[in-house]
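Novice: Before anything else, here's the structure in question.
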Amino acid sequence: MTTLFVATTGGHLAQLDKLAQRVPPDGTALWVTPDSTQGRSLLTDRDAEFTHVVPGRSVSGVLRCLPIAHRIWRNREVTRAISTGSGIALGFLPYLAARGVECHYVESAARVTSPSLTGRIMRWVPGVRCYTQHPGWASRHWHYGGSQFDCYAPVPAHRDRRGPIRVLVTVGTSNFPFRRMLDQLVRLLGPQGELSNTTGSTVEVLWQTGSTPVDGLPIDGVRYLSGPDLERALSVADIVISHAGTGSAMAAFEAGLKPVLVTRLHEYGEASDDHQGQLAEELRRRGLASYRRDGAVGVAELTASMSWSVRRVDEPSPFSLLPRNERSGRR
């Protein structure tokens with residue numbers, strides 16, 4: 001028996017990694033994800049297959065997954081499949097469910113009030129059990145099994161404030177550029193910027209810029225950080241400023257940091273929709289992140305974030321998967 005874990009990169013894969021630790025094991029495990037620095041780093045020493053990227057709303061990308069799903073089902077005796085999305089889930093779960101595989105689709109924790117397009121499609125697929133990570137929109141169609149954010153709690157920090165302030169700025173792994181965020185932070189974090197002038201400390205910044213062009217900016221950015229490099233950067237950071245992506249936020253939590261979040265906006269071509277605002281509000285409500293809905297990041301948010309840490313809950317409850325003979329309701 002084999003459990004197949006399948007997710008796209010970024011926050012979806014990060015969530016699935018944590019989710020896999022909270023579900024009962026069922027035979028061996030095989031991971032499928034698009035080929036990326038994050039995936040190869042995270043899945044080192046695990047049984048994994050790296051495949052093509054499935055772009056958003058790409059029917060051809062989904063269809064290219066079908067022969068891969070068939071080959072894995074035939075050769076690995078897959079009996080259970082679990083996915084946190086996004087589009088790659090459509091290339092695997094419907095096919096595997098039709099073959100009698102026990103399939104579970106867990107909507108991203110970033111979807112605070114309603115499902116994604118993938119989720120809205122998956123909810124109608126026979127044999128696929130669907131889950132939300134937010135009880136507020138659980139229903140007979142969407143089972144609440146728990147939340148990734150239940151694993152974390154805010155606590156007061158006791159950091160040594162001597163020496164430079166080390167800041168990690170990250171735009172995550174999204175294919176959408178986020179120049180607006182970098183433009184603002186260059187002024188705030190520069191050698192003569194507001195943070196340095198207010199605190200009287202030197203500010204050292206590591207810029208992770210992803211697909212965002214940085215021409216004309218006075219920064220020396222790194223497009224993508226490997227898992228170990230990101231962990232090292234987080235281990236010495238005093239402040240994390242991040243786009244409001246689930247994977248980036250969870251990486252900060254794992255390092256004990258309360259991130260300052262900036263939301264991507266659809267109107268500026270920074271995301272396919274505005275769900276990051278919902279996520280940022282939810283994390284702010286839980287006390288796990290700082291977020292200003294009505295304006296740009298300021299020094300107050302940065303200094304306040306250094307006064308708090310985030311710890312892992314010692315024994316998070318298991319993620320509750322529906323039994324094999326049950327499934328989310330269908331109309």
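Starting from 1 in every chain, residues are counted up; chains themselves are A, B, ... following the order of the structure tokens, and ligands are numbered from 1 as listed.
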With 9 Å as the cut-off and only C-alpha atoms counted, what is the closest atom pair between each nearby residue of region 38-59 of chain A and region 9-28 of chain A? Distances in Å to one decimal, ordered by chain and number, as a Markdown table.

Specialist:
```
| residue | atom | partner | partner_atom | distance |
| --- | --- | --- | --- | --- |
| A:Gln38 | CA | A:Thr9 | CA | 7.1 |
| A:Gly39 | CA | A:Thr9 | CA | 6.7 |
| A:Leu42 | CA | A:Asp17 | CA | 8.4 |
| A:Leu43 | CA | A:Asp17 | CA | 8.9 |
| A:Asp47 | CA | A:Thr28 | CA | 9.0 |
| A:Val53 | CA | A:Thr9 | CA | 8.7 |
```

Novice: Quick one: everything within 7 Å of Ile88 (chain A), counting only C-alpha atoms, minus sequence neighbours fewer than 4 positions away in the same chain. Send it as JSON, numbers by chain.

Specialist: {"A": [7, 8, 54, 62, 92]}

Novice: Mind pulling up the distance from CA of Thr37 (chain A) to CA of Val167 (chain A)?

Specialist: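 So the two atoms, CA of Val167 (chain A) and CA of Thr37 (chain A), lie 22.2 Å apart.
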
Novice: So which residues of region 70-150 of chain A fall under helix (DSSP H, G or I) by DSSP, listed as a PDB file with N, CA and C atoms, in the first residue's frame?

Specialist:
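What landed in states17.pdb:
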```pdb
ATOM      1  N   HIS A  70      -1.496   7.709 -13.956  1.00  0.00           N
ATOM      2  CA  HIS A  70      -1.779   6.325 -14.334  1.00  0.00           C
ATOM      3  C   HIS A  70      -0.571   5.434 -14.064  1.00  0.00           C
ATOM      4  N   ARG A  71       0.606   5.901 -14.448  1.00  0.00           N
ATOM      5  CA  ARG A  71       1.820   5.093 -14.254  1.00  0.00           C
ATOM      6  C   ARG A  71       2.080   4.841 -12.771  1.00  0.00           C
ATOM      7  N   ILE A  72       1.929   5.877 -11.952  1.00  0.00           N
ATOM      8  CA  ILE A  72       2.171   5.712 -10.519  1.00  0.00           C
ATOM      9  C   ILE A  72       1.138   4.782  -9.899  1.00  0.00           C
ATOM     10  N   TRP A  73      -0.135   4.951 -10.281  1.00  0.00           N
ATOM     11  CA  TRP A  73      -1.187   4.065  -9.756  1.00  0.00           C
ATOM     12  C   TRP A  73      -0.915   2.610 -10.115  1.00  0.00           C
ATOM     13  N   ARG A  74      -0.490   2.377 -11.340  1.00  0.00           N
ATOM     14  CA  ARG A  74      -0.268   1.010 -11.814  1.00  0.00           C
ATOM     15  C   ARG A  74       0.962   0.377 -11.165  1.00  0.00           C
ATOM     16  N   ASN A  75       2.037   1.162 -11.007  1.00  0.00           N
ATOM     17  CA  ASN A  75       3.308   0.593 -10.553  1.00  0.00           C
ATOM     18  C   ASN A  75       3.491   0.611  -9.038  1.00  0.00           C
ATOM     19  N   ARG A  76       2.804   1.501  -8.332  1.00  0.00           N
ATOM     20  CA  ARG A  76       3.066   1.668  -6.900  1.00  0.00           C
ATOM     21  C   ARG A  76       1.909   1.223  -6.005  1.00  0.00           C
ATOM     22  N   GLY A  87      -3.404  23.463  -8.872  1.00  0.00           N
ATOM     23  CA  GLY A  87      -3.847  22.823 -10.101  1.00  0.00           C
ATOM     24  C   GLY A  87      -3.375  21.394 -10.281  1.00  0.00           C
ATOM     25  N   ILE A  88      -2.202  21.066  -9.756  1.00  0.00           N
ATOM     26  CA  ILE A  88      -1.677  19.708  -9.913  1.00  0.00           C
ATOM     27  C   ILE A  88      -2.619  18.677  -9.293  1.00  0.00           C
ATOM     28  N   ALA A  89      -3.387  19.090  -8.272  1.00  0.00           N
ATOM     29  CA  ALA A  89      -4.339  18.174  -7.649  1.00  0.00           C
ATOM     30  C   ALA A  89      -5.379  17.694  -8.645  1.00  0.00           C
ATOM     31  N   LEU A  90      -5.774  18.573  -9.569  1.00  0.00           N
ATOM     32  CA  LEU A  90      -6.772  18.194 -10.578  1.00  0.00           C
ATOM     33  C   LEU A  90      -6.235  17.171 -11.559  1.00  0.00           C
ATOM     34  N   GLY A  91      -4.909  17.110 -11.697  1.00  0.00           N
ATOM     35  CA  GLY A  91      -4.310  16.135 -12.593  1.00  0.00           C
ATOM     36  C   GLY A  91      -4.155  14.763 -11.979  1.00  0.00           C
ATOM     37  N   PHE A  92      -4.338  14.654 -10.665  1.00  0.00           N
ATOM     38  CA  PHE A  92      -4.122  13.381  -9.985  1.00  0.00           C
ATOM     39  C   PHE A  92      -5.365  12.848  -9.281  1.00  0.00           C
ATOM     40  N   LEU A  93      -6.002  13.650  -8.427  1.00  0.00           N
ATOM     41  CA  LEU A  93      -7.061  13.109  -7.579  1.00  0.00           C
ATOM     42  C   LEU A  93      -8.280  12.607  -8.344  1.00  0.00           C
ATOM     43  N   PRO A  94      -8.834  13.329  -9.328  1.00  0.00           N
ATOM     44  CA  PRO A  94      -9.997  12.788 -10.026  1.00  0.00           C
ATOM     45  C   PRO A  94      -9.704  11.442 -10.710  1.00  0.00           C
ATOM     46  N   TYR A  95      -8.531  11.329 -11.334  1.00  0.00           N
ATOM     47  CA  TYR A  95      -8.171  10.062 -11.986  1.00  0.00           C
ATOM     48  C   TYR A  95      -8.042   8.944 -10.954  1.00  0.00           C
ATOM     49  N   LEU A  96      -7.332   9.222  -9.854  1.00  0.00           N
ATOM     50  CA  LEU A  96      -7.123   8.187  -8.852  1.00  0.00           C
ATOM     51  C   LEU A  96      -8.430   7.802  -8.168  1.00  0.00           C
ATOM     52  N   ALA A  97      -9.309   8.775  -7.917  1.00  0.00           N
ATOM     53  CA  ALA A  97     -10.608   8.461  -7.319  1.00  0.00           C
ATOM     54  C   ALA A  97     -11.410   7.540  -8.234  1.00  0.00           C
ATOM     55  N   ALA A  98     -11.329   7.795  -9.546  1.00  0.00           N
ATOM     56  CA  ALA A  98     -12.039   6.935 -10.496  1.00  0.00           C
ATOM     57  C   ALA A  98     -11.493   5.513 -10.482  1.00  0.00           C
ATOM     58  N   LEU A 117     -10.382  28.112  -6.858  1.00  0.00           N
ATOM     59  CA  LEU A 117     -10.970  27.550  -8.070  1.00  0.00           C
ATOM     60  C   LEU A 117     -10.766  26.042  -8.100  1.00  0.00           C
ATOM     61  N   THR A 118      -9.570  25.572  -7.738  1.00  0.00           N
ATOM     62  CA  THR A 118      -9.335  24.126  -7.678  1.00  0.00           C
ATOM     63  C   THR A 118     -10.315  23.472  -6.722  1.00  0.00           C
ATOM     64  N   GLY A 119     -10.507  24.083  -5.558  1.00  0.00           N
ATOM     65  CA  GLY A 119     -11.433  23.520  -4.583  1.00  0.00           C
ATOM     66  C   GLY A 119     -12.861  23.494  -5.079  1.00  0.00           C
ATOM     67  N   ARG A 120     -13.271  24.553  -5.775  1.00  0.00           N
ATOM     68  CA  ARG A 120     -14.651  24.587  -6.286  1.00  0.00           C
ATOM     69  C   ARG A 120     -14.886  23.493  -7.318  1.00  0.00           C
ATOM     70  N   ILE A 121     -13.866  23.169  -8.072  1.00  0.00           N
ATOM     71  CA  ILE A 121     -13.983  22.060  -9.028  1.00  0.00           C
ATOM     72  C   ILE A 121     -13.955  20.720  -8.298  1.00  0.00           C
ATOM     73  N   MET A 122     -13.005  20.577  -7.378  1.00  0.00           N
ATOM     74  CA  MET A 122     -12.807  19.298  -6.701  1.00  0.00           C
ATOM     75  C   MET A 122     -14.022  18.888  -5.886  1.00  0.00           C
ATOM     76  N   PRO A 135     -13.061  26.503  10.323  1.00  0.00           N
ATOM     77  CA  PRO A 135     -14.389  25.985  10.663  1.00  0.00           C
ATOM     78  C   PRO A 135     -15.521  26.911  10.266  1.00  0.00           C
ATOM     79  N   GLY A 136     -15.233  28.188  10.022  1.00  0.00           N
ATOM     80  CA  GLY A 136     -16.290  29.131   9.687  1.00  0.00           C
ATOM     81  C   GLY A 136     -17.019  28.815   8.402  1.00  0.00           C
ATOM     82  N   TRP A 137     -16.370  28.128   7.459  1.00  0.00           N
ATOM     83  CA  TRP A 137     -17.104  27.757   6.244  1.00  0.00           C
ATOM     84  C   TRP A 137     -17.179  26.246   6.035  1.00  0.00           C
ATOM     85  N   GLN A 148      -3.540  24.125   9.938  1.00  0.00           N
ATOM     86  CA  GLN A 148      -2.097  24.190  10.115  1.00  0.00           C
ATOM     87  C   GLN A 148      -1.733  25.201  11.208  1.00  0.00           C
ATOM     88  N   PHE A 149      -2.527  26.253  11.341  1.00  0.00           N
ATOM     89  CA  PHE A 149      -2.194  27.317  12.271  1.00  0.00           C
ATOM     90  C   PHE A 149      -2.482  26.940  13.717  1.00  0.00           C
ATOM     91  N   ASP A 150      -3.213  25.838  13.944  1.00  0.00           N
ATOM     92  CA  ASP A 150      -3.422  25.359  15.300  1.00  0.00           C
ATOM     93  C   ASP A 150      -2.129  24.864  15.932  1.00  0.00           C
TER      94      ASP A 150
END
```

Novice: Closest to Arg140 (chain A) among A:Leu63, A:Leu182, A:Arg123, A:Leu225, using only C-alpha atoms?

Specialist: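 So, comparing all the options, the nearest one is A:Arg123.
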
Novice: So that I can check the secondary structure, give me every residue of region 1-107 of chain A assigned strand (DSSP E or B) by backbone DSSP, as a PyMOL selection string.

Specialist: chain A and resi 2-7+28-34+48-51+78-85+102-106

Novice: Set the distance at 7 Å and use only C-alpha atoms: which residues neighbour Leu321 (chain A) once local chain neighbours fewer than 2 positions away are removed? I'd like the list as a list in words.

Specialist: Gly145, Phe319 and Pro323 of chain A

Novice: Measure the distance from CA of Glu204 (chain A) to CA of Val310 (chain A) in Å and round it to one decimal.

Specialist: 22.2 Å

Novice: With distances taken over only C-alpha atoms, which residue among A:His158, A:His243, A:Arg293, A:His275 lies nearest Ser108 (chain A)?

Specialist: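 So, comparing all the options, the nearest one is A:His275.
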